[in-house]
>>> print(open('upload_14.tsv').read())   # TSV, N, CA and C atoms and all ligand atoms
chain	number	residue	atom	x	y	z
A	616	MET	N	0.85	-1.20	0.00
A	616	MET	CA	0.00	0.00	0.00
A	616	MET	C	0.88	1.24	0.00
A	617	HIS	N	0.82	1.95	-1.11
A	617	HIS	CA	1.66	3.10	-1.38
A	617	HIS	C	1.56	4.19	-0.29
A	618	GLU	N	0.32	4.55	0.06
A	618	GLU	CA	0.10	5.64	1.02
A	618	GLU	C	0.65	5.33	2.40
A	619	LEU	N	0.60	4.04	2.78
A	619	LEU	CA	1.07	3.67	4.11
A	619	LEU	C	2.57	3.92	4.25
A	620	ALA	N	3.33	3.50	3.25
A	620	ALA	CA	4.78	3.72	3.27
A	620	ALA	C	5.08	5.21	3.33
A	621	ILE	N	4.31	5.99	2.60
A	621	ILE	CA	4.51	7.43	2.58
A	621	ILE	C	4.20	8.04	3.95
A	622	CYS	N	3.10	7.60	4.55
A	622	CYS	CA	2.72	8.10	5.87
A	622	CYS	C	3.78	7.75	6.91
A	623	GLN	N	4.30	6.52	6.83
A	623	GLN	CA	5.31	6.11	7.80
A	623	GLN	C	6.57	6.96	7.66
A	624	GLY	N	6.94	7.25	6.43
A	624	GLY	CA	8.09	8.11	6.18
A	624	GLY	C	7.86	9.51	6.72
A	625	LEU	N	6.66	9.99	6.49
A	625	LEU	CA	6.26	11.33	6.95
A	625	LEU	C	6.31	11.41	8.48
A	626	ILE	N	5.78	10.38	9.12
A	626	ILE	CA	5.74	10.36	10.58
A	626	ILE	C	7.15	10.26	11.16
A	627	ARG	N	8.02	9.46	10.50
A	627	ARG	CA	9.42	9.38	10.95
A	627	ARG	C	10.07	10.75	10.91
A	628	GLU	N	9.79	11.47	9.84
A	628	GLU	CA	10.36	12.81	9.69
A	628	GLU	C	9.85	13.75	10.78
A	629	VAL	N	8.53	13.66	11.04
A	629	VAL	CA	7.91	14.49	12.07
A	629	VAL	C	8.48	14.16	13.45
A	630	GLU	N	8.66	12.87	13.74
A	630	GLU	CA	9.20	12.46	15.04
A	630	GLU	C	10.63	12.96	15.21
A	631	CYS	N	11.36	12.95	14.12
A	631	CYS	CA	12.74	13.43	14.12
A	631	CYS	C	12.78	14.92	14.48
A	632	VAL	N	11.89	15.69	13.87
A	632	VAL	CA	11.80	17.12	14.16
A	632	VAL	C	11.38	17.33	15.61
A	633	ALA	N	10.39	16.57	16.07
A	633	ALA	CA	9.87	16.71	17.43
A	633	ALA	C	10.95	16.41	18.46
A	634	ARG	N	11.72	15.35	18.23
A	634	ARG	CA	12.78	14.97	19.18
A	634	ARG	C	13.87	16.03	19.22
A	635	ALA	N	14.22	16.56	18.07
A	635	ALA	CA	15.27	17.58	18.01
A	635	ALA	C	14.88	18.82	18.82
A	636	HIS	N	13.57	19.03	18.99
A	636	HIS	CA	13.11	20.20	19.73
A	636	HIS	C	12.57	19.83	21.11
A	637	HIS	N	12.81	18.63	21.55
A	637	HIS	CA	12.33	18.15	22.85
A	637	HIS	C	10.83	18.35	23.00
A	638	ALA	N	10.10	18.15	21.93
A	638	ALA	CA	8.66	18.31	21.99
A	638	ALA	C	8.03	17.02	22.48
A	639	ARG	N	6.82	17.17	23.08
A	639	ARG	CA	6.19	15.95	23.58
A	639	ARG	C	5.27	15.37	22.52
A	640	ALA	N	4.87	16.18	21.56
A	640	ALA	CA	4.03	15.70	20.47
A	640	ALA	C	4.01	16.71	19.34
A	641	ALA	N	3.52	16.26	18.19
A	641	ALA	CA	3.27	17.16	17.08
A	641	ALA	C	1.80	17.56	17.13
A	642	ALA	N	1.52	18.85	16.98
A	642	ALA	CA	0.14	19.33	17.04
A	642	ALA	C	-0.48	19.43	15.65
A	643	LYS	N	0.33	19.83	14.70
A	643	LYS	CA	-0.19	20.03	13.36
A	643	LYS	C	0.92	19.78	12.34
A	644	ILE	N	0.56	19.10	11.27
A	644	ILE	CA	1.53	18.77	10.23
A	644	ILE	C	0.97	19.27	8.90
A	645	CYS	N	1.78	20.05	8.18
A	645	CYS	CA	1.33	20.54	6.88
A	645	CYS	C	2.17	19.90	5.77
A	646	VAL	N	1.49	19.31	4.80
A	646	VAL	CA	2.19	18.72	3.66
A	646	VAL	C	1.64	19.27	2.35
A	647	SER	N	2.50	19.29	1.35
A	647	SER	CA	2.09	19.65	-0.01
A	647	SER	C	2.06	18.38	-0.84
A	648	VAL	N	0.96	18.18	-1.55
A	648	VAL	CA	0.83	17.00	-2.40
A	648	VAL	C	0.62	17.46	-3.84
A	649	GLY	N	1.58	17.17	-4.68
A	649	GLY	CA	1.49	17.53	-6.10
A	649	GLY	C	0.47	16.67	-6.82
A	650	ALA	N	-0.19	17.24	-7.81
A	650	ALA	CA	-1.24	16.53	-8.55
A	650	ALA	C	-0.69	15.33	-9.33
A	651	LEU	N	0.63	15.33	-9.57
A	651	LEU	CA	1.22	14.23	-10.34
A	651	LEU	C	1.99	13.22	-9.50
A	652	CYS	N	1.98	13.40	-8.18
A	652	CYS	CA	2.82	12.51	-7.37
A	652	CYS	C	2.14	11.17	-7.12
A	653	GLY	N	0.93	11.00	-7.61
A	653	GLY	CA	0.29	9.69	-7.53
A	653	GLY	C	-0.38	9.39	-6.21
A	654	ILE	N	-0.62	10.43	-5.42
A	654	ILE	CA	-1.24	10.21	-4.12
A	654	ILE	C	-2.58	10.93	-4.05
A	655	ASP	N	-3.56	10.20	-3.58
A	655	ASP	CA	-4.88	10.77	-3.39
A	655	ASP	C	-4.90	11.41	-2.00
A	656	PRO	N	-5.09	12.74	-1.92
A	656	PRO	CA	-5.04	13.42	-0.62
A	656	PRO	C	-6.00	12.83	0.41
A	657	GLN	N	-7.19	12.43	-0.03
A	657	GLN	CA	-8.17	11.85	0.91
A	657	GLN	C	-7.68	10.52	1.47
A	658	GLN	N	-7.09	9.72	0.57
A	658	GLN	CA	-6.54	8.43	0.99
A	658	GLN	C	-5.37	8.65	1.94
A	659	LEU	N	-4.58	9.67	1.64
A	659	LEU	CA	-3.43	9.99	2.50
A	659	LEU	C	-3.91	10.37	3.90
A	660	ALA	N	-4.96	11.18	3.97
A	660	ALA	CA	-5.49	11.61	5.26
A	660	ALA	C	-6.03	10.42	6.06
A	661	ARG	N	-6.73	9.52	5.36
A	661	ARG	CA	-7.28	8.34	6.04
A	661	ARG	C	-6.16	7.44	6.56
A	662	THR	N	-5.17	7.21	5.71
A	662	THR	CA	-4.06	6.35	6.10
A	662	THR	C	-3.27	6.97	7.24
A	663	PHE	N	-3.11	8.28	7.18
A	663	PHE	CA	-2.37	8.97	8.24
A	663	PHE	C	-3.03	8.77	9.60
A	664	SER	N	-4.35	8.83	9.63
A	664	SER	CA	-5.05	8.71	10.91
A	664	SER	C	-4.87	7.31	11.52
A	665	ILE	N	-4.51	6.33	10.69
A	665	ILE	CA	-4.23	4.98	11.20
A	665	ILE	C	-2.74	4.86	11.55
A	666	ALA	N	-1.90	5.32	10.66
A	666	ALA	CA	-0.44	5.14	10.81
A	666	ALA	C	0.14	5.92	11.98
A	667	ARG	N	-0.52	7.00	12.41
A	667	ARG	CA	0.05	7.85	13.46
A	667	ARG	C	-0.14	7.26	14.86
A	668	ALA	N	-0.98	6.25	15.00
A	668	ALA	CA	-1.27	5.69	16.33
A	668	ALA	C	0.01	5.29	17.05
A	669	GLY	N	0.15	5.76	18.28
A	669	GLY	CA	1.30	5.39	19.10
A	669	GLY	C	2.58	6.15	18.78
A	670	THR	N	2.52	7.08	17.81
A	670	THR	CA	3.71	7.87	17.49
A	670	THR	C	3.56	9.28	18.08
A	671	LEU	N	4.59	10.08	17.93
A	671	LEU	CA	4.53	11.47	18.41
A	671	LEU	C	3.54	12.29	17.60
A	672	ALA	N	3.11	11.75	16.48
A	672	ALA	CA	2.13	12.46	15.64
A	672	ALA	C	0.70	12.04	15.97
A	673	ASP	N	0.54	11.16	16.94
A	673	ASP	CA	-0.80	10.73	17.35
A	673	ASP	C	-1.55	11.96	17.88
A	674	GLY	N	-2.68	12.27	17.30
A	674	GLY	CA	-3.45	13.44	17.73
A	674	GLY	C	-3.14	14.69	16.93
A	675	ALA	N	-2.17	14.60	16.05
A	675	ALA	CA	-1.82	15.77	15.24
A	675	ALA	C	-2.82	15.97	14.11
A	676	GLU	N	-3.04	17.22	13.80
A	676	GLU	CA	-3.92	17.55	12.68
A	676	GLU	C	-3.08	17.53	11.40
A	677	LEU	N	-3.61	16.92	10.35
A	677	LEU	CA	-2.88	16.87	9.08
A	677	LEU	C	-3.53	17.85	8.11
A	678	GLU	N	-2.73	18.80	7.66
A	678	GLU	CA	-3.24	19.75	6.68
A	678	GLU	C	-2.59	19.44	5.34
A	679	ILE	N	-3.41	19.14	4.33
A	679	ILE	CA	-2.88	18.78	3.03
A	679	ILE	C	-3.15	19.89	2.03
A	680	GLU	N	-2.08	20.39	1.46
A	680	GLU	CA	-2.22	21.43	0.44
A	680	GLU	C	-2.01	20.77	-0.92
A	681	SER	N	-3.01	20.85	-1.77
A	681	SER	CA	-2.87	20.28	-3.11
A	681	SER	C	-2.15	21.26	-4.01
A	682	VAL	N	-1.14	20.76	-4.71
A	682	VAL	CA	-0.34	21.61	-5.58
A	682	VAL	C	-0.64	21.27	-7.02
A	683	GLY	N	-0.96	22.27	-7.81
A	683	GLY	CA	-1.28	22.06	-9.21
A	683	GLY	C	-0.03	21.80	-10.05
A	684	VAL	N	-0.25	21.48	-11.30
A	684	VAL	CA	0.85	21.16	-12.20
A	684	VAL	C	1.27	22.42	-12.97
A	685	ARG	N	2.59	22.66	-13.00
A	685	ARG	CA	3.12	23.79	-13.72
A	685	ARG	C	4.22	23.29	-14.64
A	686	ILE	N	4.17	23.68	-15.91
A	686	ILE	CA	5.19	23.24	-16.86
A	686	ILE	C	5.87	24.44	-17.51
A	687	ARG	N	7.07	24.18	-18.06
A	687	ARG	CA	7.77	25.21	-18.82
A	687	ARG	C	8.05	24.64	-20.20
A	688	CYS	N	7.78	25.43	-21.19
A	688	CYS	CA	8.00	24.98	-22.57
A	688	CYS	C	9.36	25.47	-23.05
A	689	PRO	N	10.25	24.56	-23.45
A	689	PRO	CA	11.59	24.98	-23.90
A	689	PRO	C	11.55	25.62	-25.29
A	690	VAL	N	10.45	25.45	-26.02
A	690	VAL	CA	10.35	26.02	-27.36
A	690	VAL	C	10.02	27.51	-27.29
A	691	CYS	N	8.92	27.83	-26.57
A	691	CYS	CA	8.52	29.24	-26.53
A	691	CYS	C	8.75	29.86	-25.15
A	692	ASP	N	9.32	29.11	-24.25
A	692	ASP	CA	9.74	29.61	-22.94
A	692	ASP	C	8.58	30.07	-22.05
A	693	LEU	N	7.40	29.53	-22.30
A	693	LEU	CA	6.24	29.91	-21.50
A	693	LEU	C	6.06	28.95	-20.33
A	694	GLU	N	5.78	29.52	-19.16
A	694	GLU	CA	5.42	28.69	-18.02
A	694	GLU	C	3.92	28.76	-17.84
A	695	SER	N	3.26	27.61	-17.68
A	695	SER	CA	1.82	27.66	-17.53
A	695	SER	C	1.31	26.57	-16.59
A	696	GLU	N	0.16	26.84	-16.00
A	696	GLU	CA	-0.52	25.87	-15.15
A	696	GLU	C	-1.39	25.00	-16.06
A	697	VAL	N	-1.26	23.70	-15.96
A	697	VAL	CA	-2.04	22.81	-16.82
A	697	VAL	C	-2.71	21.71	-15.99
A	698	ALA	N	-3.63	21.01	-16.62
A	698	ALA	CA	-4.27	19.87	-15.96
A	698	ALA	C	-3.28	18.71	-15.93
A	699	PRO	N	-3.37	17.85	-14.89
A	699	PRO	CA	-2.42	16.73	-14.77
A	699	PRO	C	-2.44	15.78	-15.97
A	700	ASN	N	-3.55	15.75	-16.71
A	700	ASN	CA	-3.63	14.83	-17.84
A	700	ASN	C	-3.43	15.53	-19.18
A	701	ALA	N	-2.95	16.78	-19.15
A	701	ALA	CA	-2.75	17.53	-20.39
A	701	ALA	C	-1.45	18.32	-20.30
A	702	LEU	N	-0.33	17.59	-20.36
A	702	LEU	CA	0.96	18.24	-20.21
A	702	LEU	C	1.48	18.77	-21.54
A	703	VAL	N	0.79	19.79	-22.05
A	703	VAL	CA	1.24	20.43	-23.28
A	703	VAL	C	1.28	21.94	-23.06
A	704	CYS	N	2.15	22.58	-23.85
A	704	CYS	CA	2.31	24.03	-23.73
A	704	CYS	C	1.01	24.74	-24.11
A	705	ALA	N	0.61	25.70	-23.27
A	705	ALA	CA	-0.64	26.42	-23.50
A	705	ALA	C	-0.54	27.34	-24.73
A	706	ARG	N	0.67	27.72	-25.13
A	706	ARG	CA	0.81	28.64	-26.25
A	706	ARG	C	1.03	27.92	-27.57
A	707	CYS	N	2.07	27.04	-27.63
A	707	CYS	CA	2.41	26.44	-28.92
A	707	CYS	C	1.98	24.98	-29.04
A	708	GLY	N	1.45	24.43	-27.96
A	708	GLY	CA	0.98	23.05	-28.02
A	708	GLY	C	2.09	22.02	-27.95
A	709	GLY	N	3.32	22.48	-27.72
A	709	GLY	CA	4.46	21.57	-27.64
A	709	GLY	C	4.30	20.62	-26.45
A	710	TRP	N	4.76	19.39	-26.65
A	710	TRP	CA	4.60	18.41	-25.56
A	710	TRP	C	5.93	18.05	-24.91
A	711	ARG	N	7.05	18.54	-25.46
A	711	ARG	CA	8.35	18.28	-24.83
A	711	ARG	C	8.58	19.32	-23.74
A	712	VAL	N	7.73	19.29	-22.75
A	712	VAL	CA	7.78	20.32	-21.73
A	712	VAL	C	8.52	19.82	-20.49
A	713	GLN	N	9.01	20.79	-19.71
A	713	GLN	CA	9.66	20.44	-18.45
A	713	GLN	C	8.67	20.67	-17.31
A	714	LEU	N	8.69	19.76	-16.38
A	714	LEU	CA	7.81	19.89	-15.23
A	714	LEU	C	8.46	20.82	-14.21
A	715	VAL	N	7.74	21.89	-13.86
A	715	VAL	CA	8.27	22.83	-12.88
A	715	VAL	C	7.77	22.44	-11.49
A	716	ARG	N	6.52	22.02	-11.41
A	716	ARG	CA	5.89	21.74	-10.13
A	716	ARG	C	4.78	20.72	-10.32
A	717	GLY	N	4.49	19.94	-9.31
A	717	GLY	CA	3.35	19.03	-9.41
A	717	GLY	C	3.67	17.59	-9.02
A	718	GLU	N	4.97	17.28	-8.91
A	718	GLU	CA	5.36	15.90	-8.59
A	718	GLU	C	5.73	15.75	-7.12
A	719	GLU	N	5.73	16.85	-6.38
A	719	GLU	CA	6.31	16.81	-5.05
A	719	GLU	C	5.38	16.29	-3.96
A	720	LEU	N	5.98	15.70	-2.98
A	720	LEU	CA	5.31	15.42	-1.73
A	720	LEU	C	6.24	15.98	-0.67
A	721	LEU	N	5.79	17.08	-0.05
A	721	LEU	CA	6.69	17.81	0.84
A	721	LEU	C	6.11	17.97	2.22
A	722	LEU	N	6.96	17.78	3.21
A	722	LEU	CA	6.59	18.14	4.57
A	722	LEU	C	6.91	19.63	4.71
A	723	ARG	N	5.87	20.45	4.79
A	723	ARG	CA	6.10	21.90	4.80
A	723	ARG	C	6.40	22.44	6.19
A	724	SER	N	5.59	22.02	7.16
A	724	SER	CA	5.83	22.50	8.51
A	724	SER	C	5.24	21.56	9.54
A	725	VAL	N	5.79	21.64	10.74
A	725	VAL	CA	5.30	20.85	11.86
A	725	VAL	C	5.13	21.79	13.04
A	726	GLU	N	3.92	21.79	13.62
A	726	GLU	CA	3.72	22.54	14.86
A	726	GLU	C	3.87	21.57	16.01
A	727	LEU	N	4.67	21.97	16.99
A	727	LEU	CA	5.00	21.05	18.08
A	727	LEU	C	4.34	21.46	19.39
A	728	GLU	N	4.06	20.46	20.20
A	728	GLU	CA	3.65	20.74	21.58
A	728	GLU	C	4.88	20.53	22.43
A	729	LEU	N	5.35	21.62	23.04
A	729	LEU	CA	6.58	21.53	23.80
A	729	LEU	C	6.32	21.09	25.23
A	730	GLU	N	7.32	20.45	25.76
A	730	GLU	CA	7.28	20.00	27.15
A	730	GLU	C	7.22	21.24	28.05
A	731	VAL	N	6.24	21.30	28.95
A	731	VAL	CA	6.17	22.44	29.87
A	731	VAL	C	6.63	21.95	31.24
A	732	ASN	N	7.76	22.49	31.64
A	732	ASN	CA	8.31	22.11	32.94
A	732	ASN	C	9.04	23.32	33.51
A	733	GLU	N	8.35	24.00	34.43
A	733	GLU	CA	8.92	25.25	34.91
A	733	GLU	C	9.92	25.08	36.06
A	734	GLN	N	9.93	23.90	36.68
A	734	GLN	CA	10.86	23.66	37.78
A	734	GLN	C	12.31	23.53	37.29
A	735	ALA	N	12.49	22.60	36.37
A	735	ALA	CA	13.84	22.30	35.90
A	735	ALA	C	14.25	23.27	34.81
A	736	PRO	N	15.54	23.63	34.79
A	736	PRO	CA	15.98	24.47	33.66
A	736	PRO	C	15.90	23.68	32.36
A	737	ARG	N	15.57	24.35	31.32
A	737	ARG	CA	15.39	23.68	30.04
A	737	ARG	C	16.74	23.32	29.44
A	738	ALA	N	16.85	22.10	29.01
A	738	ALA	CA	18.09	21.66	28.35
A	738	ALA	C	18.16	22.28	26.96
A	739	PRO	N	19.36	22.63	26.56
A	739	PRO	CA	19.47	23.20	25.20
A	739	PRO	C	19.11	22.17	24.14
A	740	ALA	N	18.54	22.61	23.07
A	740	ALA	CA	18.13	21.71	21.98
A	740	ALA	C	19.35	21.02	21.39
A	741	ALA	N	19.15	19.78	21.02
A	741	ALA	CA	20.28	18.96	20.51
A	741	ALA	C	20.80	19.43	19.16
A	742	CYS	N	19.96	20.08	18.39
A	742	CYS	CA	20.40	20.47	17.05
A	742	CYS	C	21.06	21.83	17.11
A	801	ZN	ZN	5.41	26.46	-26.07
>>> encode(input="upload_14.tsv", output="structure tokens", more="lines below")
Ligand SMILES: [Zn+2]
Amino acid sequence: MHELAICQGLIREVECVARAHHARAAAKICVSVGALCGIDPQQLARTFSIARAGTLADGAELEIESVGVRIRCPVCDLESEVAPNALVCARCGGWRVQLVRGEELLLRSVELELEVNEQAPRAPAAC
């Protein structure tokens, strides 16, 4: 299952960030999903809610930003937004286009819940 492996990778990354900041959990996770990366955002959200159980991302809100497809035409040098199933230049109709955006799956940001402990002095962050 494609989405599960992706979610596990995402959660590992989030846990890594959380540990580096001595956080007790992740509160919110923002990801960008390109229209061509082969992932259904709804499926990703469903899988995430299962995969996060028992991790530092358990209880975190997942915000998915869908990213459209953008291409650049090397013939007429035009950059345009196109549909994922129509990768042709909007001006000259050329199909030997370069993909500028749309294939990515990115962890954009993580909001952390930090450990609150006013008695002990806070240890400096490991990173
Ligand atoms: Zn063109």
>>> residues_near_ligand(input="upload_14.tsv", ligand="ligand ZN 801 (chain A)", cutoff="6.5 Å", atoms="all atoms listed in the file", output="VMD selection string")
chain A and resid 688 to 693 704 to 709
>>> closest_residue(input="upload_14.tsv", among="A:Ala650, A:Glu726, A:Val703, A:Glu718", to="A:Glu680", atoms="all atoms listed in the file")
A:Ala650
>>> closest_residue(input="upload_14.tsv", among="A:Cys622, A:Val731, A:Ser681, A:Ala638", to="A:Ile665", atoms="only C-alpha atoms")
A:Cys622
>>> atom_distance(input="upload_14.tsv", atom1="atom N of A:Trp710", atom2="atom C of A:Val648")
23.3 Å
>>> residues_near_point(input="upload_14.tsv", point="(3.0, 22.6, 4.0)", cutoff="8 Å", atoms="only N, CA and C atoms", output="ChimeraX atom specification")
/A:644-648,678-680,721-725
